[in-house]
Structures are given as structure tokens and as C-alpha cells.
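Colleague: File name upload-v6.tsv; file contents TSV, C-alpha atoms; full text below.
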```tsv
chain	number	residue	atom	x	y	z
K	7	MET	CA	-31.35	-126.24	66.61
K	8	MET	CA	-32.70	-126.69	63.07
K	9	THR	CA	-34.83	-123.84	61.69
K	10	ILE	CA	-37.24	-124.29	58.80
K	11	ASP	CA	-36.65	-121.24	56.63
K	12	ASP	CA	-38.90	-119.46	54.11
K	13	ASP	CA	-37.52	-121.37	51.14
K	14	MET	CA	-38.22	-124.70	52.85
K	15	ARG	CA	-41.77	-123.51	53.58
K	16	LEU	CA	-42.22	-122.53	49.93
K	17	ILE	CA	-41.13	-125.97	48.74
K	18	VAL	CA	-43.35	-127.89	51.21
K	19	ASP	CA	-46.35	-125.70	50.30
K	20	SER	CA	-45.80	-125.96	46.54
K	21	ALA	CA	-44.90	-129.67	46.47
K	22	ARG	CA	-48.55	-130.74	46.87
K	23	LEU	CA	-47.32	-134.28	47.49
K	24	SER	CA	-44.47	-135.27	49.80
K	25	PHE	CA	-43.08	-138.68	50.63
K	26	VAL	CA	-42.52	-140.09	54.11
K	27	ALA	CA	-40.01	-142.84	54.86
K	28	THR	CA	-40.29	-144.95	58.01
K	29	VAL	CA	-38.66	-148.18	59.18
K	30	CYS	CA	-40.65	-151.46	59.06
K	31	PRO	CA	-40.30	-154.07	61.83
K	32	ASP	CA	-37.93	-156.13	59.64
K	33	GLY	CA	-35.71	-153.06	59.08
K	34	SER	CA	-36.85	-152.47	55.51
K	35	PRO	CA	-38.00	-149.02	54.38
K	36	ASN	CA	-41.63	-147.98	54.03
K	37	LEU	CA	-42.27	-145.08	51.64
K	38	SER	CA	-45.67	-143.42	51.62
K	39	PRO	CA	-47.05	-140.39	49.73
K	40	LYS	CA	-48.69	-137.64	51.80
K	41	GLY	CA	-50.84	-134.85	50.40
K	42	SER	CA	-51.44	-133.06	53.72
K	43	MET	CA	-47.85	-131.99	54.51
K	44	ARG	CA	-47.63	-128.51	56.04
K	45	VAL	CA	-44.99	-126.54	57.93
K	46	TYR	CA	-46.35	-125.95	61.43
K	47	ASP	CA	-43.65	-123.65	62.82
K	48	ASP	CA	-39.90	-123.03	62.55
K	49	GLU	CA	-39.06	-126.49	63.92
K	50	HIS	CA	-41.99	-128.75	62.94
K	51	ILE	CA	-43.70	-130.23	59.90
K	52	ALA	CA	-47.09	-131.91	60.24
K	53	PHE	CA	-49.26	-134.24	58.18
K	54	MET	CA	-52.60	-135.90	58.79
K	55	ASP	CA	-53.14	-139.61	59.31
K	56	ILE	CA	-55.84	-140.00	56.67
K	57	ALA	CA	-55.18	-143.58	55.58
K	58	SER	CA	-51.72	-144.41	56.89
K	59	PRO	CA	-51.83	-147.67	58.88
K	60	ASN	CA	-48.30	-148.80	57.96
K	61	THR	CA	-46.74	-145.38	58.51
K	62	VAL	CA	-48.49	-145.01	61.88
K	63	ALA	CA	-47.56	-148.54	63.04
K	64	ASN	CA	-43.94	-147.96	62.09
K	65	LEU	CA	-43.81	-144.59	63.88
K	66	GLU	CA	-45.45	-146.00	67.02
K	67	ARG	CA	-42.61	-148.51	67.18
K	68	ASP	CA	-39.79	-146.25	65.90
K	69	PRO	CA	-40.42	-142.48	65.66
K	70	ARG	CA	-37.57	-141.79	63.22
K	71	ILE	CA	-38.83	-140.34	59.95
K	72	GLU	CA	-37.64	-138.74	56.75
K	73	ILE	CA	-39.80	-136.48	54.59
K	74	ASN	CA	-38.97	-135.59	51.00
K	75	SER	CA	-40.76	-132.59	49.52
K	76	ILE	CA	-40.01	-131.77	45.89
K	77	ASP	CA	-41.42	-128.93	43.81
K	78	VAL	CA	-41.42	-130.68	40.43
K	79	PHE	CA	-41.59	-127.42	38.48
K	80	ARG	CA	-38.63	-125.88	40.33
K	81	ARG	CA	-36.88	-129.28	40.14
K	82	ARG	CA	-35.63	-129.00	43.68
K	83	GLY	CA	-36.72	-129.73	47.20
K	84	TYR	CA	-35.67	-130.76	50.69
K	85	ARG	CA	-35.05	-133.90	52.67
K	86	PHE	CA	-36.17	-133.46	56.29
K	87	LYS	CA	-35.07	-135.90	58.99
K	88	GLY	CA	-36.60	-135.93	62.42
K	89	THR	CA	-38.67	-137.54	65.12
K	90	ALA	CA	-42.43	-137.96	64.99
K	91	GLU	CA	-45.09	-137.68	67.67
K	92	PHE	CA	-48.87	-137.97	67.50
K	93	ARG	CA	-51.43	-135.24	68.15
K	94	GLU	CA	-55.05	-136.20	68.68
K	95	PRO	CA	-58.33	-134.29	68.06
K	96	GLY	CA	-58.59	-131.34	70.43
K	97	ASP	CA	-54.85	-130.62	70.31
K	98	PRO	CA	-54.07	-127.20	68.74
K	99	VAL	CA	-51.84	-128.78	66.06
K	100	TYR	CA	-54.59	-131.22	65.12
K	101	GLU	CA	-57.23	-128.47	64.95
K	102	TRP	CA	-54.98	-126.26	62.81
K	103	LEU	CA	-54.26	-128.99	60.23
K	104	HIS	CA	-57.79	-130.39	60.33
K	105	THR	CA	-59.24	-126.95	59.50
K	106	TRP	CA	-56.86	-126.62	56.54
K	107	LEU	CA	-57.72	-130.14	55.35
K	108	LEU	CA	-61.47	-129.55	55.52
K	109	ASN	CA	-61.15	-126.20	53.74
K	110	LEU	CA	-59.25	-127.98	50.97
K	111	ASN	CA	-61.33	-131.16	50.66
K	112	GLY	CA	-64.72	-130.41	52.18
K	113	PRO	CA	-66.54	-131.69	55.24
K	114	GLY	CA	-66.33	-135.30	56.28
K	115	TYR	CA	-62.80	-135.85	55.00
K	116	PRO	CA	-61.07	-138.49	57.19
K	117	ALA	CA	-58.61	-137.13	59.70
K	118	HIS	CA	-57.59	-139.54	62.44
K	119	ARG	CA	-54.65	-137.75	64.04
K	120	VAL	CA	-51.70	-135.57	63.18
K	121	ILE	CA	-48.13	-136.71	62.92
K	122	LEU	CA	-45.99	-133.81	64.12
K	123	VAL	CA	-42.34	-134.08	63.10
K	124	HIS	CA	-39.61	-132.29	64.98
K	125	VAL	CA	-37.15	-131.51	62.17
K	126	GLU	CA	-33.59	-132.20	63.26
K	127	ARG	CA	-31.89	-131.89	59.88
K	128	ALA	CA	-32.78	-130.57	56.42
K	129	LEU	CA	-30.76	-131.09	53.26
K	130	PRO	CA	-31.44	-129.68	49.80
K	131	ILE	CA	-32.37	-131.92	46.86
K	132	LEU	CA	-31.42	-130.53	43.44
K	133	SER	CA	-31.98	-131.84	39.95
K	134	PRO	CA	-28.77	-132.52	38.04
K	135	ALA	CA	-30.01	-129.80	35.66
K	136	TYR	CA	-28.70	-127.27	38.19
K	137	THR	CA	-25.26	-128.86	38.17
K	138	TYR	CA	-24.87	-129.81	34.51
K	139	GLY	CA	-26.97	-127.21	32.76
K	140	ASP	CA	-26.67	-123.47	32.41
K	141	ALA	CA	-30.34	-122.71	33.10
K	142	ASP	CA	-31.50	-120.99	36.24
K	143	GLU	CA	-34.55	-121.92	38.33
K	144	ASP	CA	-36.96	-119.75	36.33
K	145	ASP	CA	-35.79	-121.29	33.04
K	146	LEU	CA	-36.12	-124.82	34.45
K	147	ARG	CA	-39.55	-124.12	35.91
K	148	GLN	CA	-40.88	-122.67	32.66
K	149	ALA	CA	-39.46	-125.52	30.56
K	150	TRP	CA	-40.85	-128.16	32.91
K	151	ALA	CA	-44.26	-126.46	33.03
K	152	ARG	CA	-44.41	-126.28	29.22
K	153	THR	CA	-43.51	-129.97	28.92
K	154	TYR	CA	-45.92	-131.02	31.65
K	155	LEU	CA	-48.79	-128.98	30.27
K	156	ALA	CA	-48.11	-130.30	26.76
K	157	ASP	CA	-48.26	-133.86	28.14
K	158	LEU	CA	-51.53	-133.07	29.89
K	159	ASP	CA	-52.97	-131.62	26.69
K	160	GLU	CA	-51.91	-134.71	24.72
K	161	ASP	CA	-53.42	-137.01	27.36
K	162	ARG	CA	-56.64	-135.01	27.38
K	163	LEU	CA	-56.84	-135.09	23.59
K	164	ALA	CA	-56.28	-138.86	23.64
K	165	ASP	CA	-59.06	-139.22	26.25
K	166	LEU	CA	-61.42	-137.15	24.09
K	167	ASP	CA	-60.57	-139.29	21.04
K	168	GLU	CA	-61.38	-142.44	23.01
K	169	GLU	CA	-64.69	-140.98	24.19
K	170	ARG	CA	-65.78	-140.41	20.58
```
In C-alpha cells, write the structure found in this file.
Modeller:
Amino acid sequence: MMTIDDDMRLIVDSARLSFVATVCPDGSPNLSPKGSMRVYDDEHIAFMDIASPNTVANLERDPRIEINSIDVFRRRGYRFKGTAEFREPGDPVYEWLHTWLLNLNGPGYPAHRVILVHVERALPILSPAYTYGDADEDDLRQAWARTYLADLDEDRLADLDEER
């Protein structure tokens, strides 16, 4: 039995955006970003069907799924493999995630149903910086944050220049 541990929960919560891979009818991959990914319990991850027609159609036909959650500042994450099932309004899993989604985005946010994934395997994803560098996670996170924030500041300054 696979158990989702505290570190995996931290990564899913801090990732803000995860990616879901499903299998299309022709066998090709479908990759879709999801901003509603949450750990439900020690064995399940859930996300809301907000605008996911291809993901849902693929899972209705073939429930195999992979989720990649990466904390870009920590430069690491997890790859979760499992089997998906659907939970409709009124189901406790749906109500739990719907409440979180509305608290985050406000009333009226679309929420069709929940995809609940039974996690069967989880593997770590690490940046090569962990293997080939001598920095630890705190060093990498601080360096990435400085670079990212500097890029944001430059973009914002460029936007302000264009507005003038």
C-alpha cells in the first residue's frame, strides 16, 4: 500500500500547478495543467474538473493517470501514478474540494466533479542541481526565488515603460 507522506503533501500544496497525464484513444499522451490539486488522505489525491473535457473523456475510457507536482522554488517534486474515479456533487470528497476551491476563487467558480486518484506509486523528481551542484535545498530555493523575483521585476518595469 502506497502512503502519501508529509513531504509529498508539502510539494503538492506548494506546487500551485500540477500536470496530469492521461492516455488518448489513439494511445498518445494528453498532458493537462491543474490548479486544484490537493492531497485528500494518505492514499488519494484529488482535483476538480473545472474545464477538463479531454482529461475526463480519457479517464472515463482508461482510468490510468500520472500526476506531476513540482515545487519550482525547491526544484523538486513527485510523480504520482494511480487510478482515477469520479466523485459528483454531494459526495464528501466533492464537497471538501469544492469548499476549498470557492474559498480560493470566490462564489460561482465552475466545479463539475472531482477526479479522485488512488495513488499506487510515487517517485521523486529532482533537479540535476541536487546531483551536480553542492547547494542544498535552502540555497537552491533562495537562488531560484531571487532569479524569479528579479525576472518579475524586470517584466513589470517593461510593462510600466510600455504603459507610458
Colleague: What's the 6 Å shell around region 45-54 of chain K, counting all atoms listed in the file, without same-chain residues fewer than 6 positions away, as JSON, numbers by chain?
Modeller: {"K": [9, 10, 119, 120, 121, 122, 123, 124, 125]}
Colleague: Give one line per residue of region 9-57 of chain K that approaches region 71-91 of chain K to at most 10 Å, naming the two atoms of the closest pair and their distance in Å to one decimal, counting all atoms listed in the file; sort by chain then ascending residue number and deliver it as a Markdown table.
Modeller:
```
| residue | atom | partner | partner_atom | distance |
| --- | --- | --- | --- | --- |
| K:Ile10 | CA | K:Phe86 | CA | 9.6 |
| K:Asp13 | CA | K:Gly83 | CA | 9.3 |
| K:Met14 | CA | K:Tyr84 | CA | 6.9 |
| K:Arg15 | CA | K:Tyr84 | CA | 9.9 |
| K:Leu16 | CA | K:Asp77 | CA | 8.9 |
| K:Ile17 | CA | K:Asp77 | CA | 5.8 |
| K:Val18 | CA | K:Ser75 | CA | 5.6 |
| K:Asp19 | CA | K:Asp77 | CA | 8.8 |
| K:Ser20 | CA | K:Asp77 | CA | 6.0 |
| K:Ala21 | CA | K:Asp77 | CA | 4.4 |
| K:Arg22 | CA | K:Asp77 | CA | 8.0 |
| K:Leu23 | CA | K:Ser75 | CA | 7.1 |
| K:Ser24 | CA | K:Ser75 | CA | 4.6 |
| K:Phe25 | CA | K:Asn74 | CA | 5.2 |
| K:Val26 | CA | K:Ile73 | CA | 4.5 |
| K:Ala27 | CA | K:Glu72 | CA | 5.1 |
| K:Thr28 | CA | K:Ile71 | CA | 5.2 |
| K:Val29 | CA | K:Ile71 | CA | 7.9 |
| K:Leu37 | CA | K:Glu72 | CA | 9.4 |
| K:Ser38 | CA | K:Ile73 | CA | 9.6 |
| K:Pro39 | CA | K:Asn74 | CA | 9.5 |
| K:Lys40 | CA | K:Ile73 | CA | 9.4 |
| K:Met43 | CA | K:Ser75 | CA | 8.7 |
| K:Glu49 | CA | K:Gly88 | CA | 9.9 |
| K:His50 | CA | K:Gly88 | CA | 9.0 |
| K:Ile51 | CA | K:Phe86 | CA | 9.0 |
| K:Ala52 | CA | K:Ala90 | CA | 9.0 |
```
Colleague: Could you check the closest approach to Pro95 (chain K) for each of K:Asp12, K:Glu126, K:Asp145, K:Asp55 and tell me which residue wins, using only C-alpha atoms?
Modeller: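 Closest to Pro95 (chain K), using only C-alpha atoms: K:Asp55.
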Colleague: With only C-alpha atoms as the counted atoms, please give the residues lying no more than 12 Å from region 108-115 of chain K, apart from itself and same-chain residues fewer than 6 positions off, as a list in words.
Modeller: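 The residues that qualify are Arg22, Gly41, Ser42, Met54, Asp55, Ile56, Ala57, Tyr100, Glu101 and Trp102 of chain K.
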Colleague: Here is a test: counting all atoms listed in the file, which residue of K:Val62, K:Ala141, K:Met7, K:Ala117 is nearest to Glu94 (chain K)?
Modeller: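 The answer is K:Ala117, which sits nearest to Glu94 (chain K).
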Colleague: Which of these residues is nearest to Arg44 (chain K), using only C-alpha atoms: K:Arg67, K:His104, K:Arg93, K:Arg152?
Modeller: K:His104
Colleague: Can you tell me how far CA of Asn36 (chain K) sits from CA of Asn64 (chain K), in Å to one decimal?
Modeller: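 These two atoms are separated by 8.4 Å.
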Colleague: Would you place a box with edges along x, y and z of the file around all atoms of region 136-142 of chain K listed there, add 4 Å to each of its six sides, and report the centre and edge lengths in Å to one decimal, as AutoDock Vina command-line options?
Modeller:
```
--center_x -28.2 --center_y -125.4 --center_z 35.3 --size_x 14.6 --size_y 16.8 --size_z 13.8
```
